[in-house]
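Student: Take a look at start_2.pdb, PDB, C-alpha atoms, pLDDT in the B column:
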ATOM      1  CA  MET A   1    -182.472  34.435 -61.078  1.00 53.00           C
ATOM      2  CA  ALA A   2    -180.264  34.792 -58.036  1.00 61.00           C
ATOM      3  CA  GLY A   3    -182.608  32.534 -56.103  1.00 72.00           C
ATOM      4  CA  LYS A   4    -182.423  29.757 -58.712  1.00 76.00           C
ATOM      5  CA  GLY A   5    -178.614  29.957 -58.944  1.00 78.00           C
ATOM      6  CA  SER A   6    -178.022  29.717 -55.211  1.00 84.00           C
ATOM      7  CA  PHE A   7    -180.561  26.877 -54.982  1.00 84.00           C
ATOM      8  CA  PHE A   8    -178.715  24.991 -57.750  1.00 84.00           C
ATOM      9  CA  ILE A   9    -175.328  25.489 -56.012  1.00 88.00           C
ATOM     10  CA  MET A  10    -176.745  24.270 -52.676  1.00 89.00           C
ATOM     11  CA  LEU A  11    -178.200  21.236 -54.425  1.00 88.00           C
ATOM     12  CA  LEU A  12    -174.789  20.411 -55.959  1.00 89.00           C
ATOM     13  CA  ILE A  13    -173.066  20.767 -52.572  1.00 92.00           C
ATOM     14  CA  VAL A  14    -175.586  18.458 -50.855  1.00 90.00           C
ATOM     15  CA  ALA A  15    -175.302  15.903 -53.678  1.00 90.00           C
ATOM     16  CA  PHE A  16    -171.493  15.974 -53.504  1.00 90.00           C
ATOM     17  CA  LEU A  17    -171.458  15.571 -49.713  1.00 90.00           C
ATOM     18  CA  SER A  18    -173.990  12.717 -49.899  1.00 91.00           C
ATOM     19  CA  LEU A  19    -171.902  10.927 -52.510  1.00 89.00           C
ATOM     20  CA  ALA A  20    -168.709  11.437 -50.479  1.00 89.00           C
ATOM     21  CA  LEU A  21    -170.425  10.111 -47.356  1.00 88.00           C
ATOM     22  CA  ALA A  22    -171.675   7.040 -49.231  1.00 88.00           C
ATOM     23  CA  VAL A  23    -168.177   6.292 -50.569  1.00 87.00           C
ATOM     24  CA  MET A  24    -166.587   6.700 -47.131  1.00 86.00           C
ATOM     25  CA  ALA A  25    -169.235   4.484 -45.507  1.00 85.00           C
ATOM     26  CA  GLY A  26    -168.673   1.814 -48.155  1.00 82.00           C
ATOM     27  CA  LEU A  27    -164.894   1.877 -47.692  1.00 80.00           C
ATOM     28  CA  PHE A  28    -165.245   1.757 -43.915  1.00 79.00           C
ATOM     29  CA  PHE A  29    -167.692  -1.138 -44.102  1.00 76.00           C
ATOM     30  CA  PHE A  30    -165.584  -3.274 -46.429  1.00 76.00           C
ATOM     31  CA  THR A  31    -162.190  -2.576 -44.873  1.00 77.00           C
ATOM     32  CA  SER A  32    -163.363  -2.883 -41.267  1.00 65.00           C
ATOM     33  CA  ASN A  33    -165.107  -6.217 -41.919  1.00 50.00           C
ATOM     34  CA  THR A  34    -161.972  -7.711 -43.448  1.00 48.00           C
ATOM     35  CA  ASP A  35    -159.733  -6.539 -40.603  1.00 43.00           C
ATOM     36  CA  LYS A  36    -162.120  -7.646 -37.867  1.00 44.00           C
ATOM     37  CA  SER A  37    -162.575 -11.114 -39.280  1.00 41.00           C
ATOM     38  CA  GLU A  38    -158.808 -11.552 -39.507  1.00 43.00           C
ATOM     39  CA  ASP A  39    -158.306 -10.212 -35.969  1.00 45.00           C
ATOM     40  CA  ASN A  40    -161.042 -12.417 -34.532  1.00 45.00           C
ATOM     41  CA  SER A  41    -159.662 -15.531 -36.191  1.00 41.00           C
ATOM     42  CA  GLU A  42    -156.238 -14.753 -34.761  1.00 43.00           C
ATOM     43  CA  LYS A  43    -157.659 -14.284 -31.276  1.00 45.00           C
ATOM     44  CA  LYS A  44    -159.791 -17.405 -31.371  1.00 43.00           C
ATOM     45  CA  GLU A  45    -157.147 -19.628 -32.912  1.00 51.00           C
ATOM     46  CA  VAL A  46    -154.380 -20.093 -30.350  1.00 55.00           C
ATOM     47  CA  LYS A  47    -151.585 -21.869 -32.101  1.00 74.00           C
ATOM     48  CA  ALA A  48    -149.810 -24.479 -30.029  1.00 81.00           C
ATOM     49  CA  PRO A  49    -146.051 -23.961 -29.992  1.00 83.00           C
ATOM     50  CA  LYS A  50    -143.775 -26.586 -31.485  1.00 86.00           C
ATOM     51  CA  ASP A  51    -141.978 -28.892 -29.073  1.00 85.00           C
ATOM     52  CA  SER A  52    -138.682 -27.305 -30.086  1.00 86.00           C
ATOM     53  CA  GLU A  53    -140.033 -23.914 -28.904  1.00 87.00           C
ATOM     54  CA  LEU A  54    -140.831 -25.196 -25.401  1.00 91.00           C
ATOM     55  CA  SER A  55    -138.780 -25.954 -22.352  1.00 90.00           C
ATOM     56  CA  GLU A  56    -139.756 -27.563 -19.058  1.00 92.00           C
ATOM     57  CA  PHE A  57    -139.505 -26.604 -15.409  1.00 91.00           C
ATOM     58  CA  PRO A  58    -140.134 -29.624 -13.150  1.00 92.00           C
ATOM     59  CA  ILE A  59    -141.848 -29.428  -9.789  1.00 90.00           C
ATOM     60  CA  ASP A  60    -140.810 -32.504  -7.848  1.00 90.00           C
ATOM     61  CA  LYS A  61    -143.098 -34.274  -5.404  1.00 89.00           C
ATOM     62  CA  LYS A  62    -144.666 -31.621  -3.251  1.00 88.00           C
ATOM     63  CA  ALA A  63    -147.084 -32.225  -0.380  1.00 89.00           C
ATOM     64  CA  LEU A  64    -149.558 -29.383   0.031  1.00 87.00           C
ATOM     65  CA  ASN A  65    -151.982 -28.800   2.892  1.00 86.00           C
ATOM     66  CA  LEU A  66    -155.559 -28.274   1.828  1.00 88.00           C
ATOM     67  CA  LYS A  67    -158.105 -26.035   3.462  1.00 84.00           C
ATOM     68  CA  GLY A  68    -160.038 -27.790   6.221  1.00 79.00           C
ATOM     69  CA  ASP A  69    -163.696 -28.496   5.675  1.00 72.00           C
ATOM     70  CA  GLY A  70    -164.617 -28.136   9.358  1.00 71.00           C
ATOM     71  CA  LYS A  71    -166.139 -31.637   9.454  1.00 72.00           C
ATOM     72  CA  SER A  72    -163.113 -33.624  10.578  1.00 67.00           C
ATOM     73  CA  GLU A  73    -160.047 -32.890  12.643  1.00 61.00           C
ATOM     74  CA  ASP A  74    -157.725 -34.594  10.168  1.00 72.00           C
ATOM     75  CA  ASN A  75    -155.864 -32.315   7.826  1.00 81.00           C
ATOM     76  CA  ALA A  76    -156.278 -33.092   4.160  1.00 86.00           C
ATOM     77  CA  PHE A  77    -153.315 -32.891   1.846  1.00 87.00           C
ATOM     78  CA  LEU A  78    -152.493 -33.166  -1.808  1.00 90.00           C
ATOM     79  CA  GLN A  79    -149.256 -34.516  -3.209  1.00 92.00           C
ATOM     80  CA  ILE A  80    -148.393 -33.353  -6.694  1.00 92.00           C
ATOM     81  CA  SER A  81    -145.619 -33.652  -9.211  1.00 93.00           C
ATOM     82  CA  ALA A  82    -145.844 -31.354 -12.176  1.00 94.00           C
ATOM     83  CA  VAL A  83    -144.015 -30.000 -15.175  1.00 94.00           C
ATOM     84  CA  ILE A  84    -144.433 -26.385 -16.229  1.00 93.00           C
ATOM     85  CA  LYS A  85    -144.008 -26.024 -19.979  1.00 93.00           C
ATOM     86  CA  TYR A  86    -142.884 -22.567 -21.057  1.00 91.00           C
ATOM     87  CA  ARG A  87    -141.819 -20.842 -24.236  1.00 89.00           C
ATOM     88  CA  LYS A  88    -138.033 -20.736 -24.684  1.00 87.00           C
ATOM     89  CA  GLU A  89    -137.966 -17.370 -26.396  1.00 85.00           C
ATOM     90  CA  ILE A  90    -140.238 -14.365 -26.323  1.00 82.00           C
ATOM     91  CA  LYS A  91    -139.093 -11.408 -28.379  1.00 80.00           C
ATOM     92  CA  SER A  92    -140.695  -8.765 -26.148  1.00 78.00           C
ATOM     93  CA  ILE A  93    -138.653  -9.879 -23.098  1.00 76.00           C
ATOM     94  CA  LYS A  94    -135.245  -8.334 -23.650  1.00 72.00           C
ATOM     95  CA  ASP A  95    -133.521  -8.285 -20.229  1.00 73.00           C
ATOM     96  CA  LEU A  96    -133.501 -12.037 -19.540  1.00 77.00           C
ATOM     97  CA  ASN A  97    -134.293 -15.125 -21.518  1.00 84.00           C
ATOM     98  CA  THR A  98    -137.355 -17.012 -20.285  1.00 85.00           C
ATOM     99  CA  GLU A  99    -135.307 -19.736 -18.583  1.00 88.00           C
ATOM    100  CA  GLN A 100    -133.518 -17.110 -16.499  1.00 87.00           C
ATOM    101  CA  LYS A 101    -136.841 -15.414 -15.727  1.00 87.00           C
ATOM    102  CA  ILE A 102    -138.379 -18.728 -14.554  1.00 90.00           C
ATOM    103  CA  THR A 103    -135.331 -19.551 -12.422  1.00 90.00           C
ATOM    104  CA  LEU A 104    -135.220 -16.065 -10.920  1.00 91.00           C
ATOM    105  CA  ASN A 105    -138.924 -16.238 -10.024  1.00 91.00           C
ATOM    106  CA  GLN A 106    -138.956 -19.870  -8.863  1.00 92.00           C
ATOM    107  CA  ALA A 107    -139.885 -18.991  -5.266  1.00 94.00           C
ATOM    108  CA  GLY A 108    -142.770 -16.804  -6.427  1.00 94.00           C
ATOM    109  CA  ILE A 109    -144.071 -19.544  -8.731  1.00 93.00           C
ATOM    110  CA  LEU A 110    -144.029 -22.093  -5.902  1.00 92.00           C
ATOM    111  CA  GLU A 111    -145.779 -19.588  -3.621  1.00 94.00           C
ATOM    112  CA  ILE A 112    -148.573 -19.133  -6.178  1.00 94.00           C
ATOM    113  CA  ILE A 113    -149.001 -22.913  -6.369  1.00 93.00           C
ATOM    114  CA  ASN A 114    -149.051 -23.254  -2.564  1.00 92.00           C
ATOM    115  CA  LYS A 115    -151.588 -20.453  -2.119  1.00 93.00           C
ATOM    116  CA  TYR A 116    -153.862 -21.861  -4.803  1.00 93.00           C
ATOM    117  CA  PHE A 117    -154.103 -25.292  -3.176  1.00 91.00           C
ATOM    118  CA  GLN A 118    -154.337 -23.921   0.385  1.00 90.00           C
ATOM    119  CA  ASN A 119    -157.656 -22.339  -0.600  1.00 90.00           C
ATOM    120  CA  LEU A 120    -159.132 -25.654  -1.819  1.00 90.00           C
ATOM    121  CA  THR A 121    -160.818 -28.314   0.276  1.00 89.00           C
ATOM    122  CA  LEU A 122    -160.576 -32.046  -0.225  1.00 89.00           C
ATOM    123  CA  ASP A 123    -164.040 -31.972  -1.826  1.00 89.00           C
ATOM    124  CA  ASP A 124    -162.769 -29.398  -4.358  1.00 90.00           C
ATOM    125  CA  ILE A 125    -159.827 -31.648  -5.237  1.00 91.00           C
ATOM    126  CA  LYS A 126    -162.075 -34.683  -5.723  1.00 92.00           C
ATOM    127  CA  LYS A 127    -164.144 -33.002  -8.445  1.00 92.00           C
ATOM    128  CA  ASP A 128    -163.776 -34.356 -11.977  1.00 92.00           C
ATOM    129  CA  ASN A 129    -162.597 -31.038 -13.395  1.00 93.00           C
ATOM    130  CA  ALA A 130    -160.185 -30.182 -10.546  1.00 92.00           C
ATOM    131  CA  ILE A 131    -157.024 -30.864 -12.557  1.00 93.00           C
ATOM    132  CA  ASP A 132    -158.201 -28.868 -15.586  1.00 94.00           C
ATOM    133  CA  THR A 133    -159.313 -25.997 -13.370  1.00 94.00           C
ATOM    134  CA  ALA A 134    -155.960 -26.011 -11.555  1.00 94.00           C
ATOM    135  CA  LYS A 135    -154.055 -26.026 -14.872  1.00 94.00           C
ATOM    136  CA  LYS A 136    -155.963 -23.024 -16.225  1.00 95.00           C
ATOM    137  CA  LYS A 137    -155.907 -20.987 -13.020  1.00 95.00           C
ATOM    138  CA  LEU A 138    -152.254 -21.631 -12.213  1.00 95.00           C
ATOM    139  CA  THR A 139    -151.144 -20.975 -15.798  1.00 94.00           C
ATOM    140  CA  LYS A 140    -153.014 -17.660 -15.774  1.00 95.00           C
ATOM    141  CA  ASP A 141    -151.748 -16.613 -12.319  1.00 95.00           C
ATOM    142  CA  ILE A 142    -148.125 -17.565 -13.002  1.00 94.00           C
ATOM    143  CA  ASN A 143    -148.156 -15.764 -16.364  1.00 92.00           C
ATOM    144  CA  GLU A 144    -149.523 -12.612 -14.709  1.00 93.00           C
ATOM    145  CA  TYR A 145    -146.794 -12.850 -12.059  1.00 93.00           C
ATOM    146  CA  LEU A 146    -143.972 -13.359 -14.566  1.00 89.00           C
ATOM    147  CA  VAL A 147    -144.911 -10.450 -16.850  1.00 88.00           C
ATOM    148  CA  LYS A 148    -145.975  -7.941 -14.197  1.00 88.00           C
ATOM    149  CA  ASN A 149    -142.860  -5.832 -14.851  1.00 84.00           C
ATOM    150  CA  GLU A 150    -142.779  -6.300 -18.630  1.00 81.00           C
ATOM    151  CA  GLU A 151    -143.951  -3.692 -21.120  1.00 79.00           C
ATOM    152  CA  TYR A 152    -145.766  -6.265 -23.264  1.00 80.00           C
ATOM    153  CA  LYS A 153    -147.911  -8.838 -21.463  1.00 83.00           C
ATOM    154  CA  VAL A 154    -147.139 -12.027 -23.416  1.00 86.00           C
ATOM    155  CA  ASP A 155    -147.773 -15.443 -21.867  1.00 89.00           C
ATOM    156  CA  ILE A 156    -144.580 -17.273 -20.991  1.00 89.00           C
ATOM    157  CA  ILE A 157    -146.139 -20.385 -19.476  1.00 91.00           C
ATOM    158  CA  TYR A 158    -147.853 -22.580 -22.058  1.00 92.00           C
ATOM    159  CA  THR A 159    -149.307 -25.230 -19.745  1.00 93.00           C
ATOM    160  CA  ILE A 160    -148.833 -27.186 -16.553  1.00 94.00           C
ATOM    161  CA  ASN A 161    -148.982 -30.980 -16.643  1.00 94.00           C
ATOM    162  CA  PHE A 162    -149.607 -32.845 -13.400  1.00 93.00           C
ATOM    163  CA  SER A 163    -147.872 -36.230 -13.472  1.00 92.00           C
ATOM    164  CA  GLU A 164    -148.951 -37.039  -9.924  1.00 92.00           C
ATOM    165  CA  TRP A 165    -152.144 -36.017  -8.125  1.00 91.00           C
ATOM    166  CA  LEU A 166    -152.570 -37.911  -4.862  1.00 90.00           C
ATOM    167  CA  TYR A 167    -154.955 -36.690  -2.183  1.00 88.00           C
ATOM    168  CA  GLN A 168    -155.989 -37.848   1.248  1.00 83.00           C
TER     169      GLN A 168
END
Starting from the coordinates I provided, produce the structure as structure tokens.
Tutor:
Amino acid sequence: MAGKGSFFIMLLIVAFLSLALAVMAGLFFFTSNTDKSEDNSEKKEVKAPKDSELSEFPIDKKALNLKGDGKSEDNAFLQISAVIKYRKEIKSIKDLNTEQKITLNQAGILEIINKYFQNLTLDDIKKDNAIDTAKKKLTKDINEYLVKNEEYKVDIIYTINFSEWLYQ
């Protein structure tokens, strides 16, 4: 009798644990799928800020030396005019507003732009996607520079628009 009783108790314990595991797996499956789909849609869908949420920082005509290609003795250059569009307010930046942060880091921003173009040749500049590549790379690099001392890494720069792109 003792053998049958202990066997029955063990069977109940295994059944209870199996049922509990099935319920937990079901809850995990349904709740994690909902959260992940919402998170992924938020990450994929980058909402463009309203015009009223943006401000502009102009970069007047600037002549930049390009990297030599070794074929000719003439130095190639690029003349650009651009406007950096940035978010006016970011809640995670508490010490300064974004306009003050841009103004304070103006020299560093211009240095990043200069260094980027000094590493390009005239052939690189002539490519069809050169402007788009420059926009993406400079936006990324400037954002990294501006938030390097911030607790939360939130992009300040929205985009860079080149109004002039003259090379020789």
Student: Please evaluate the PyMOL selection byres ((chain A and resi 61-76) around 8) against the displayed coordinates and give the resulting residues as a list in words.
Tutor: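 Applied to this file, the PyMOL selection byres ((chain A and resi 61-76) around 8) returns Ile59, Asp60, Phe77, Leu78, Gln79, Ile80, Ser81, Ala82, Asn114, Phe117, Gln118, Asn119, Leu120, Thr121, Leu122, Glu164, Tyr167 and Gln168 of chain A.
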Student: Ser55 (chain A): which residues within 6 Å, counting all atoms listed in the file, same-chain residues fewer than 6 positions away excluded, as a PyMOL selection string?
Tutor: chain A and resi 85-86+88
Student: Report the residues retrieved by the PyMOL selection byres ((chain A and resi 91) around 12) from the displayed file, expressed as a list in words.
Tutor: Arg87, Lys88, Glu89, Ile90, Ser92, Ile93, Lys94, Asp95, Leu96, Asn97, Thr98, Glu150, Glu151, Tyr152, Lys153, Val154, Asp155 and Ile156 of chain A
Student: I'd like to know which of A:Tyr158, A:Trp165, A:Ile13, A:Ile131 is closest to Asp51 (chain A), using all atoms listed in the file.
Tutor: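 Once distances to Asp51 (chain A) are computed over all atoms listed in the file, the minimum belongs to A:Tyr158.
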Student: Pick the closest to Ile157 (chain A) from A:Pro49, A:Thr31, A:Thr133, A:Ser18: which is it, counting all atoms listed in the file?
Tutor: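 Of A:Pro49, A:Thr31, A:Thr133, A:Ser18, the one nearest Ile157 (chain A), counting all atoms listed in the file, is A:Pro49.
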Student: State, in Å with one decimal place, the distance from CA of Val147 (chain A) to CA of Ala130 (chain A).
Tutor: 25.7 Å
Student: Give me the residues within 10 Å of Lys137 (chain A) as a PyMOL selection string, counting all atoms listed in the file and dropping any in the same chain fewer than 6 places off.
Tutor: chain A and resi 113+116+131+143
Student: Any chance you can output those residues with C-alpha atoms as a JSON list (two decimals), keeping the file's coordinate frame?
Tutor:
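Wrote result_19.json, looks like this:
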[["chain", "number", "residue", "atom", "x", "y", "z"],
["A", 113, "ILE", "CA", -149.00, -22.91, -6.37],
["A", 116, "TYR", "CA", -153.86, -21.86, -4.80],
["A", 131, "ILE", "CA", -157.02, -30.86, -12.56],
["A", 143, "ASN", "CA", -148.16, -15.76, -16.36]]
Student: Just how far from CA of Asp124 (chain A) is CA of Phe57 (chain A), in Å to one decimal?
Tutor: 25.9 Å
Student: Looking at all atoms listed in the file, which of A:Gln106, A:Leu11, A:Thr159, A:Ile125 is the one that sits closest to Lys140 (chain A)?
Tutor: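 Ranking A:Gln106, A:Leu11, A:Thr159, A:Ile125 by distance to Lys140 (chain A), first place goes to A:Thr159.
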Student: What does the distance between CA of Asp141 (chain A) and CA of Ile109 (chain A) come to in Å, to one decimal place?
Tutor: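 Calculated distance between CA of Asp141 (chain A) and CA of Ile109 (chain A) is 9.0 Å.
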Student: Taking the block just given, write region 132-160 of chain A to a file that holds N, CA, C and O atoms, as a PDB file, in the first residue's frame.
Tutor:
ATOM      1  N   ASP A 132      24.360  61.627 -50.056  1.00  0.00           N
ATOM      2  CA  ASP A 132      23.611  60.821 -49.083  1.00  0.00           C
ATOM      3  C   ASP A 132      24.537  60.148 -48.082  1.00  0.00           C
ATOM      4  O   ASP A 132      24.245  60.097 -46.884  1.00  0.00           O
ATOM      5  N   THR A 133      25.660  59.643 -48.568  1.00  0.00           N
ATOM      6  CA  THR A 133      26.632  59.009 -47.677  1.00  0.00           C
ATOM      7  C   THR A 133      27.188  60.028 -46.689  1.00  0.00           C
ATOM      8  O   THR A 133      27.313  59.737 -45.497  1.00  0.00           O
ATOM      9  N   ALA A 134      27.511  61.221 -47.177  1.00  0.00           N
ATOM     10  CA  ALA A 134      28.039  62.277 -46.308  1.00  0.00           C
ATOM     11  C   ALA A 134      27.009  62.680 -45.257  1.00  0.00           C
ATOM     12  O   ALA A 134      27.346  62.858 -44.077  1.00  0.00           O
ATOM     13  N   LYS A 135      25.747  62.818 -45.659  1.00  0.00           N
ATOM     14  CA  LYS A 135      24.681  63.167 -44.709  1.00  0.00           C
ATOM     15  C   LYS A 135      24.609  62.160 -43.571  1.00  0.00           C
ATOM     16  O   LYS A 135      24.583  62.523 -42.392  1.00  0.00           O
ATOM     17  N   LYS A 136      24.551  60.874 -43.936  1.00  0.00           N
ATOM     18  CA  LYS A 136      24.403  59.817 -42.925  1.00  0.00           C
ATOM     19  C   LYS A 136      25.610  59.746 -42.003  1.00  0.00           C
ATOM     20  O   LYS A 136      25.482  59.689 -40.779  1.00  0.00           O
ATOM     21  N   LYS A 137      26.800  59.760 -42.590  1.00  0.00           N
ATOM     22  CA  LYS A 137      28.026  59.616 -41.803  1.00  0.00           C
ATOM     23  C   LYS A 137      28.240  60.823 -40.897  1.00  0.00           C
ATOM     24  O   LYS A 137      28.558  60.671 -39.715  1.00  0.00           O
ATOM     25  N   LEU A 138      28.064  62.015 -41.429  1.00  0.00           N
ATOM     26  CA  LEU A 138      28.267  63.213 -40.614  1.00  0.00           C
ATOM     27  C   LEU A 138      27.207  63.338 -39.523  1.00  0.00           C
ATOM     28  O   LEU A 138      27.522  63.729 -38.397  1.00  0.00           O
ATOM     29  N   THR A 139      25.967  63.008 -39.832  1.00  0.00           N
ATOM     30  CA  THR A 139      24.914  63.048 -38.812  1.00  0.00           C
ATOM     31  C   THR A 139      25.254  62.088 -37.680  1.00  0.00           C
ATOM     32  O   THR A 139      25.159  62.451 -36.496  1.00  0.00           O
ATOM     33  N   LYS A 140      25.673  60.894 -38.019  1.00  0.00           N
ATOM     34  CA  LYS A 140      26.035  59.889 -37.008  1.00  0.00           C
ATOM     35  C   LYS A 140      27.231  60.357 -36.177  1.00  0.00           C
ATOM     36  O   LYS A 140      27.198  60.322 -34.945  1.00  0.00           O
ATOM     37  N   ASP A 141      28.295  60.825 -36.846  1.00  0.00           N
ATOM     38  CA  ASP A 141      29.506  61.243 -36.138  1.00  0.00           C
ATOM     39  C   ASP A 141      29.271  62.463 -35.242  1.00  0.00           C
ATOM     40  O   ASP A 141      29.757  62.521 -34.113  1.00  0.00           O
ATOM     41  N   ILE A 142      28.513  63.424 -35.736  1.00  0.00           N
ATOM     42  CA  ILE A 142      28.240  64.628 -34.939  1.00  0.00           C
ATOM     43  C   ILE A 142      27.364  64.282 -33.740  1.00  0.00           C
ATOM     44  O   ILE A 142      27.589  64.776 -32.634  1.00  0.00           O
ATOM     45  N   ASN A 143      26.363  63.423 -33.945  1.00  0.00           N
ATOM     46  CA  ASN A 143      25.528  62.998 -32.810  1.00  0.00           C
ATOM     47  C   ASN A 143      26.362  62.287 -31.749  1.00  0.00           C
ATOM     48  O   ASN A 143      26.192  62.542 -30.556  1.00  0.00           O
ATOM     49  N   GLU A 144      27.252  61.403 -32.156  1.00  0.00           N
ATOM     50  CA  GLU A 144      28.116  60.710 -31.193  1.00  0.00           C
ATOM     51  C   GLU A 144      28.973  61.709 -30.431  1.00  0.00           C
ATOM     52  O   GLU A 144      29.169  61.582 -29.228  1.00  0.00           O
ATOM     53  N   TYR A 145      29.488  62.717 -31.123  1.00  0.00           N
ATOM     54  CA  TYR A 145      30.319  63.739 -30.492  1.00  0.00           C
ATOM     55  C   TYR A 145      29.521  64.571 -29.481  1.00  0.00           C
ATOM     56  O   TYR A 145      29.995  64.846 -28.378  1.00  0.00           O
ATOM     57  N   LEU A 146      28.309  64.949 -29.854  1.00  0.00           N
ATOM     58  CA  LEU A 146      27.509  65.824 -28.988  1.00  0.00           C
ATOM     59  C   LEU A 146      27.018  65.132 -27.716  1.00  0.00           C
ATOM     60  O   LEU A 146      26.818  65.781 -26.694  1.00  0.00           O
ATOM     61  N   VAL A 147      26.779  63.832 -27.773  1.00  0.00           N
ATOM     62  CA  VAL A 147      26.223  63.136 -26.606  1.00  0.00           C
ATOM     63  C   VAL A 147      27.253  62.279 -25.872  1.00  0.00           C
ATOM     64  O   VAL A 147      26.889  61.489 -25.018  1.00  0.00           O
ATOM     65  N   LYS A 148      28.532  62.477 -26.183  1.00  0.00           N
ATOM     66  CA  LYS A 148      29.557  61.634 -25.560  1.00  0.00           C
ATOM     67  C   LYS A 148      29.591  61.789 -24.035  1.00  0.00           C
ATOM     68  O   LYS A 148      29.959  60.864 -23.334  1.00  0.00           O
ATOM     69  N   ASN A 149      29.200  62.933 -23.520  1.00  0.00           N
ATOM     70  CA  ASN A 149      29.215  63.142 -22.069  1.00  0.00           C
ATOM     71  C   ASN A 149      27.819  63.141 -21.457  1.00  0.00           C
ATOM     72  O   ASN A 149      27.633  63.564 -20.321  1.00  0.00           O
ATOM     73  N   GLU A 150      26.835  62.665 -22.203  1.00  0.00           N
ATOM     74  CA  GLU A 150      25.464  62.590 -21.700  1.00  0.00           C
ATOM     75  C   GLU A 150      25.170  61.187 -21.193  1.00  0.00           C
ATOM     76  O   GLU A 150      25.712  60.206 -21.704  1.00  0.00           O
ATOM     77  N   GLU A 151      24.304  61.099 -20.205  1.00  0.00           N
ATOM     78  CA  GLU A 151      23.920  59.800 -19.650  1.00  0.00           C
ATOM     79  C   GLU A 151      23.114  58.995 -20.660  1.00  0.00           C
ATOM     80  O   GLU A 151      23.338  57.805 -20.847  1.00  0.00           O
ATOM     81  N   TYR A 152      22.168  59.655 -21.332  1.00  0.00           N
ATOM     82  CA  TYR A 152      21.332  58.993 -22.326  1.00  0.00           C
ATOM     83  C   TYR A 152      21.779  59.444 -23.711  1.00  0.00           C
ATOM     84  O   TYR A 152      21.875  60.632 -23.980  1.00  0.00           O
ATOM     85  N   LYS A 153      22.040  58.500 -24.580  1.00  0.00           N
ATOM     86  CA  LYS A 153      22.549  58.787 -25.924  1.00  0.00           C
ATOM     87  C   LYS A 153      21.374  58.973 -26.890  1.00  0.00           C
ATOM     88  O   LYS A 153      20.930  58.044 -27.547  1.00  0.00           O
ATOM     89  N   VAL A 154      20.857  60.186 -26.960  1.00  0.00           N
ATOM     90  CA  VAL A 154      19.724  60.520 -27.821  1.00  0.00           C
ATOM     91  C   VAL A 154      20.234  61.433 -28.937  1.00  0.00           C
ATOM     92  O   VAL A 154      20.962  62.392 -28.670  1.00  0.00           O
ATOM     93  N   ASP A 155      19.858  61.137 -30.166  1.00  0.00           N
ATOM     94  CA  ASP A 155      20.319  61.944 -31.298  1.00  0.00           C
ATOM     95  C   ASP A 155      19.790  63.368 -31.210  1.00  0.00           C
ATOM     96  O   ASP A 155      18.596  63.591 -31.048  1.00  0.00           O
ATOM     97  N   ILE A 156      20.701  64.314 -31.338  1.00  0.00           N
ATOM     98  CA  ILE A 156      20.341  65.726 -31.351  1.00  0.00           C
ATOM     99  C   ILE A 156      20.157  66.192 -32.791  1.00  0.00           C
ATOM    100  O   ILE A 156      19.183  66.843 -33.131  1.00  0.00           O
ATOM    101  N   ILE A 157      21.110  65.815 -33.645  1.00  0.00           N
ATOM    102  CA  ILE A 157      21.078  66.210 -35.043  1.00  0.00           C
ATOM    103  C   ILE A 157      20.066  65.333 -35.771  1.00  0.00           C
ATOM    104  O   ILE A 157      20.127  64.109 -35.699  1.00  0.00           O
ATOM    105  N   TYR A 158      19.148  65.962 -36.488  1.00  0.00           N
ATOM    106  CA  TYR A 158      18.167  65.213 -37.269  1.00  0.00           C
ATOM    107  C   TYR A 158      18.718  64.923 -38.662  1.00  0.00           C
ATOM    108  O   TYR A 158      18.704  63.786 -39.122  1.00  0.00           O
ATOM    109  N   THR A 159      19.220  65.950 -39.333  1.00  0.00           N
ATOM    110  CA  THR A 159      19.785  65.747 -40.673  1.00  0.00           C
ATOM    111  C   THR A 159      20.693  66.918 -41.023  1.00  0.00           C
ATOM    112  O   THR A 159      20.700  67.948 -40.352  1.00  0.00           O
ATOM    113  N   ILE A 160      21.425  66.726 -42.101  1.00  0.00           N
ATOM    114  CA  ILE A 160      22.248  67.790 -42.671  1.00  0.00           C
ATOM    115  C   ILE A 160      21.822  67.943 -44.129  1.00  0.00           C
ATOM    116  O   ILE A 160      21.756  66.957 -44.861  1.00  0.00           O
TER     117      ILE A 160
END
